[in-house]
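Chemist: Structure supplied as work.pdb; contents: PDB, C-alpha atoms, pLDDT in the B column.
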MODEL        1
ATOM      1  CA  MET A   1     113.157  93.288 128.294  1.00 74.00           C
ATOM      2  CA  ASN A   2     114.172  96.853 129.037  1.00 90.00           C
ATOM      3  CA  LYS A   3     114.007  99.537 126.350  1.00 90.00           C
ATOM      4  CA  SER A   4     117.806  99.751 125.979  1.00 90.00           C
ATOM      5  CA  LYS A   5     118.159  96.029 125.229  1.00 89.00           C
ATOM      6  CA  GLN A   6     115.124  96.131 122.937  1.00 90.00           C
ATOM      7  CA  ASN A   7     116.712  98.954 120.911  1.00 90.00           C
ATOM      8  CA  GLN A   8     120.005  97.043 120.816  1.00 93.00           C
ATOM      9  CA  VAL A   9     118.314  93.887 119.484  1.00 92.00           C
ATOM     10  CA  VAL A  10     116.409  95.871 116.835  1.00 89.00           C
ATOM     11  CA  ASP A  11     119.604  97.596 115.688  1.00 90.00           C
ATOM     12  CA  LEU A  12     121.630  94.369 115.628  1.00 92.00           C
ATOM     13  CA  PHE A  13     118.878  92.489 113.777  1.00 90.00           C
ATOM     14  CA  ARG A  14     118.512  95.288 111.211  1.00 87.00           C
ATOM     15  CA  ARG A  15     122.268  95.180 110.525  1.00 90.00           C
ATOM     16  CA  PHE A  16     122.171  91.367 110.404  1.00 89.00           C
ATOM     17  CA  SER A  17     119.319  91.374 107.865  1.00 85.00           C
ATOM     18  CA  VAL A  18     120.974  93.893 105.551  1.00 83.00           C
ATOM     19  CA  SER A  19     124.367  92.182 105.808  1.00 85.00           C
ATOM     20  CA  THR A  20     122.850  88.760 105.150  1.00 82.00           C
ATOM     21  CA  TYR A  21     121.201  89.865 101.897  1.00 78.00           C
ATOM     22  CA  ALA A  22     124.230  91.887 100.802  1.00 77.00           C
ATOM     23  CA  SER A  23     126.471  88.876 101.435  1.00 79.00           C
ATOM     24  CA  ALA A  24     124.127  86.543  99.564  1.00 73.00           C
ATOM     25  CA  LEU A  25     124.106  88.811  96.507  1.00 72.00           C
ATOM     26  CA  HIS A  26     127.825  89.643  96.586  1.00 71.00           C
ATOM     27  CA  GLY A  27     129.598  88.030  93.683  1.00 71.00           C
ATOM     28  CA  TYR A  28     126.567  87.968  91.439  1.00 72.00           C
ATOM     29  CA  SER A  29     127.316  89.413  88.044  1.00 77.00           C
ATOM     30  CA  GLY A  30     125.155  89.642  84.979  1.00 77.00           C
ATOM     31  CA  GLU A  31     122.087  88.190  86.663  1.00 82.00           C
ATOM     32  CA  GLN A  32     118.727  89.816  86.246  1.00 85.00           C
ATOM     33  CA  PHE A  33     115.798  90.297  88.567  1.00 86.00           C
ATOM     34  CA  GLU A  34     112.418  89.743  86.969  1.00 89.00           C
ATOM     35  CA  ILE A  35     109.168  90.779  88.593  1.00 91.00           C
ATOM     36  CA  GLU A  36     106.571  88.222  87.624  1.00 90.00           C
ATOM     37  CA  SER A  37     103.516  89.753  89.278  1.00 91.00           C
ATOM     38  CA  ASP A  38     102.205  91.484  92.328  1.00 92.00           C
ATOM     39  CA  ARG A  39      99.058  90.994  94.318  1.00 92.00           C
ATOM     40  CA  VAL A  40      97.495  92.559  97.387  1.00 94.00           C
ATOM     41  CA  GLU A  41      96.813  90.180 100.263  1.00 90.00           C
ATOM     42  CA  PRO A  42      94.235  91.895 102.504  1.00 92.00           C
ATOM     43  CA  GLY A  43      95.491  92.280 106.063  1.00 89.00           C
ATOM     44  CA  LEU A  44      98.979  91.131 105.079  1.00 89.00           C
ATOM     45  CA  GLY A  45     100.419  93.471 102.442  1.00 93.00           C
ATOM     46  CA  THR A  46     101.523  93.249  98.824  1.00 95.00           C
ATOM     47  CA  ILE A  47     103.294  90.159  97.511  1.00 94.00           C
ATOM     48  CA  ILE A  48     105.839  90.769  94.749  1.00 93.00           C
ATOM     49  CA  GLU A  49     106.665  87.535  92.898  1.00 93.00           C
ATOM     50  CA  THR A  50     110.284  87.758  91.724  1.00 90.00           C
ATOM     51  CA  ARG A  51     112.909  85.628  90.001  1.00 89.00           C
ATOM     52  CA  LEU A  52     116.674  85.985  90.064  1.00 84.00           C
ATOM     53  CA  VAL A  53     117.839  84.769  86.666  1.00 87.00           C
ATOM     54  CA  PRO A  54     121.543  83.787  86.595  1.00 82.00           C
ATOM     55  CA  LYS A  55     123.437  83.823  83.313  1.00 81.00           C
ATOM     56  CA  ASP A  56     124.092  80.068  83.243  1.00 79.00           C
ATOM     57  CA  ASP A  57     121.939  78.480  85.920  1.00 79.00           C
ATOM     58  CA  THR A  58     118.387  77.787  87.034  1.00 84.00           C
ATOM     59  CA  PRO A  59     116.350  80.840  88.074  1.00 86.00           C
ATOM     60  CA  VAL A  60     115.669  81.283  91.792  1.00 84.00           C
ATOM     61  CA  GLU A  61     112.113  82.206  92.666  1.00 87.00           C
ATOM     62  CA  PHE A  62     111.356  84.296  95.722  1.00 87.00           C
ATOM     63  CA  ASP A  63     108.612  86.627  96.816  1.00 91.00           C
ATOM     64  CA  TYR A  64     108.705  89.796  98.870  1.00 88.00           C
ATOM     65  CA  LEU A  65     106.001  90.797 101.307  1.00 92.00           C
ATOM     66  CA  LEU A  66     105.785  94.593 101.229  1.00 93.00           C
ATOM     67  CA  ARG A  67     103.923  96.721 103.739  1.00 93.00           C
ATOM     68  CA  ALA A  68     103.117 100.412 103.518  1.00 91.00           C
ATOM     69  CA  THR A  69     104.346 102.317 106.564  1.00 91.00           C
ATOM     70  CA  PRO A  70     104.382 106.033 107.399  1.00 94.00           C
ATOM     71  CA  ALA A  71     108.085 105.999 106.424  1.00 93.00           C
ATOM     72  CA  GLY A  72     107.362 104.325 103.065  1.00 93.00           C
ATOM     73  CA  TRP A  73     107.235 100.751 101.805  1.00 91.00           C
ATOM     74  CA  LYS A  74     109.117  98.171 103.894  1.00 90.00           C
ATOM     75  CA  ILE A  75     109.913  94.514 103.222  1.00 88.00           C
ATOM     76  CA  GLY A  76     108.158  92.445 105.883  1.00 88.00           C
ATOM     77  CA  ASP A  77     109.325  89.010 104.758  1.00 89.00           C
ATOM     78  CA  VAL A  78     110.988  87.114 101.935  1.00 88.00           C
ATOM     79  CA  TYR A  79     109.690  83.722 100.783  1.00 89.00           C
ATOM     80  CA  LEU A  80     112.037  81.349  98.969  1.00 83.00           C
ATOM     81  CA  ALA A  81     110.212  79.388  96.261  1.00 79.00           C
ATOM     82  CA  GLY A  82     107.064  81.212  97.314  1.00 74.00           C
ATOM     83  CA  THR A  83     106.645  79.257 100.544  1.00 80.00           C
ATOM     84  CA  ILE A  84     109.684  79.228 102.849  1.00 84.00           C
ATOM     85  CA  SER A  85     109.391  82.256 105.113  1.00 88.00           C
ATOM     86  CA  GLU A  86     112.689  83.862 106.088  1.00 85.00           C
ATOM     87  CA  LEU A  87     110.927  85.550 109.005  1.00 85.00           C
ATOM     88  CA  ALA A  88     109.543  82.248 110.346  1.00 87.00           C
ATOM     89  CA  ARG A  89     112.942  80.589 109.945  1.00 87.00           C
ATOM     90  CA  ARG A  90     114.691  83.359 111.869  1.00 88.00           C
ATOM     91  CA  ARG A  91     111.955  83.455 114.516  1.00 89.00           C
ATOM     92  CA  ALA A  92     112.431  79.731 115.181  1.00 91.00           C
ATOM     93  CA  GLU A  93     116.226  80.085 115.348  1.00 90.00           C
ATOM     94  CA  PHE A  94     116.208  83.128 117.610  1.00 92.00           C
ATOM     95  CA  SER A  95     113.416  82.023 119.934  1.00 93.00           C
ATOM     96  CA  GLY A  96     115.448  78.900 120.741  1.00 92.00           C
ATOM     97  CA  ILE A  97     118.417  81.088 121.660  1.00 94.00           C
ATOM     98  CA  ILE A  98     116.231  83.317 123.835  1.00 94.00           C
ATOM     99  CA  ARG A  99     114.748  80.298 125.640  1.00 94.00           C
ATOM    100  CA  ALA A 100     118.175  78.782 126.277  1.00 96.00           C
ATOM    101  CA  GLN A 101     120.310  81.872 126.886  1.00 95.00           C
ATOM    102  CA  GLY A 102     117.961  84.812 127.343  1.00 93.00           C
ATOM    103  CA  ILE A 103     118.087  88.137 125.550  1.00 93.00           C
ATOM    104  CA  ASP A 104     121.800  88.520 126.310  1.00 94.00           C
ATOM    105  CA  GLY A 105     122.426  85.287 124.394  1.00 95.00           C
ATOM    106  CA  LEU A 106     120.541  86.667 121.391  1.00 94.00           C
ATOM    107  CA  ILE A 107     122.510  89.914 121.543  1.00 94.00           C
ATOM    108  CA  ALA A 108     125.792  87.952 121.665  1.00 95.00           C
ATOM    109  CA  LEU A 109     124.702  85.746 118.738  1.00 94.00           C
ATOM    110  CA  LEU A 110     123.718  88.737 116.588  1.00 94.00           C
ATOM    111  CA  LYS A 111     127.004  90.472 117.363  1.00 95.00           C
ATOM    112  CA  THR A 112     128.908  87.327 116.341  1.00 94.00           C
ATOM    113  CA  LYS A 113     126.892  86.897 113.142  1.00 92.00           C
ATOM    114  CA  ASN A 114     127.329  90.584 112.220  1.00 91.00           C
ATOM    115  CA  ALA A 115     131.077  90.401 112.801  1.00 93.00           C
ATOM    116  CA  ALA A 116     131.329  87.278 110.612  1.00 91.00           C
ATOM    117  CA  LEU A 117     129.309  88.904 107.816  1.00 89.00           C
ATOM    118  CA  ALA A 118     131.529  92.004 108.031  1.00 86.00           C
ATOM    119  CA  GLY A 119     134.571  89.783 107.581  1.00 81.00           C
ATOM    120  CA  GLY A 120     135.814  90.241 111.123  1.00 58.00           C
TER     121      GLY A 120
ENDMDL
END
Would you mind writing the file out in structure tokens?
Modeler:
Amino acid sequence: MNKSKQNQVVDLFRRFSVSTYASALHGYSGEQFEIESDRVEPGLGTIIETRLVPKDDTPVEFDYLLRATPAGWKIGDVYLAGTISELARRRAEFSGIIRAQGIDGLIALLKTKNAALAGG
């Protein structure tokens, strides 16, 4: 993959990730985030165990994997119920697209997903 396409994929994926989480949290009102605990996993990063507590529903448990970078702390992955890796799920989805349609197929998919999340 040439550098131009690599930069395009990184930019599109970054926008997709932010838009996905913003869309998922849009419409929430009165809920609270609770940090249960944090622990360092050597060679991996810091796991922050979190719960989203809705006003009238069952809490949703998820964990963040944080990594220290020169630019500051970055989220490396999100685990639903402590075990389902968002990164692994996306990797499986996108690697299938790359195998079937190449990098141009992935770029087209990310553009489509970003447009849908933006309401367009």
Chemist: Per residue of range 74-104 of chain A within 12 Å of range 15-29 of chain A, note the shortest atom pair and the distance in Å to one decimal, counting all atoms listed in the file, and order the rows by chain and increasing residue number, as JSON lines.
Modeler:
{"residue": "A:Ile75", "atom": "CA", "partner": "A:Ser17", "partner_atom": "CA", "distance": 10.9}
{"residue": "A:Gly76", "atom": "CA", "partner": "A:Ser17", "partner_atom": "CA", "distance": 11.4}
{"residue": "A:Asp77", "atom": "CA", "partner": "A:Ser17", "partner_atom": "CA", "distance": 10.7}
{"residue": "A:Val78", "atom": "CA", "partner": "A:Tyr21", "partner_atom": "CA", "distance": 10.6}
{"residue": "A:Glu86", "atom": "CA", "partner": "A:Ser17", "partner_atom": "CA", "distance": 10.2}
{"residue": "A:Leu87", "atom": "CA", "partner": "A:Ser17", "partner_atom": "CA", "distance": 10.3}
{"residue": "A:Arg90", "atom": "CA", "partner": "A:Ser17", "partner_atom": "CA", "distance": 10.1}
Chemist: With C-alpha atoms retained, could you export that selection as a PDB file, in the frame of the given file?
Modeler:
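Final file, selection-v3.pdb:
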ATOM      1  CA  ILE A  75     109.913  94.514 103.222  1.00 88.00           C
ATOM      2  CA  GLY A  76     108.158  92.445 105.883  1.00 88.00           C
ATOM      3  CA  ASP A  77     109.325  89.010 104.758  1.00 89.00           C
ATOM      4  CA  VAL A  78     110.988  87.114 101.935  1.00 88.00           C
ATOM      5  CA  GLU A  86     112.689  83.862 106.088  1.00 85.00           C
ATOM      6  CA  LEU A  87     110.927  85.550 109.005  1.00 85.00           C
ATOM      7  CA  ARG A  90     114.691  83.359 111.869  1.00 88.00           C
TER       8      ARG A  90
END
Chemist: Which polymer residues have any atom within 12 Å of an atom of Glu49 in chain A, counting all atoms listed in the file, with same-chain residues fewer than 5 positions away left out, as a list in words?
Modeler: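 Counting all atoms listed in the file, the residues come to Phe33, Glu34, Ile35, Glu36, Ser37, Asp38, Arg39, Val40, Val60, Glu61, Phe62, Asp63, Tyr64, Leu65, Leu66, Val78, Tyr79, Leu80, Ala81, Gly82 and Thr83 of chain A.
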Chemist: Can you work out the spacing between CA of Leu106 in chain A and CA of Arg14 in chain A in Å, to one decimal?
Modeler: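 Straight-line distance from CA of Leu106 in chain A to CA of Arg14 in chain A works out to 13.5 Å.
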Chemist: Using the file's own x, y and z axes, what box holds all listed atoms of range 47-61 of chain A with 3 Å on each side, keeping edges along x, y and z, and what are its centre and edge lengths in Å to one decimal, as lines of an AutoDock Vina configuration file?
Modeler:
center_x = 113.7
center_y = 84.3
center_z = 90.4
size_x = 26.8
size_y = 19.0
size_z = 20.3
Chemist: Please report the interatomic distance between CA of Leu12 in chain A and CA of Ala115 in chain A in Å with one decimal.
Modeler: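 Going from CA of Leu12 in chain A over to CA of Ala115 in chain A, I get 10.6 Å.
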Chemist: In Å to one decimal, how far is CA of Asn114 in chain A from CA of Gln32 in chain A?
Modeler: 27.4 Å
Chemist: When distances are computed from all atoms listed in the file, which of A:Lys5, A:Arg67, A:Arg99, A:Lys113 shows the smallest separation from Ile48 in chain A?
Modeler: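 Of A:Lys5, A:Arg67, A:Arg99, A:Lys113, the one nearest Ile48 in chain A, counting all atoms listed in the file, is A:Arg67.
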Chemist: Counting all atoms listed in the file, which of A:Asp11, A:Asp104, A:Glu31, A:Glu93 gets nearest to Lys55 in chain A?
Modeler: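 Closest residue, counting all atoms listed in the file: A:Glu31.
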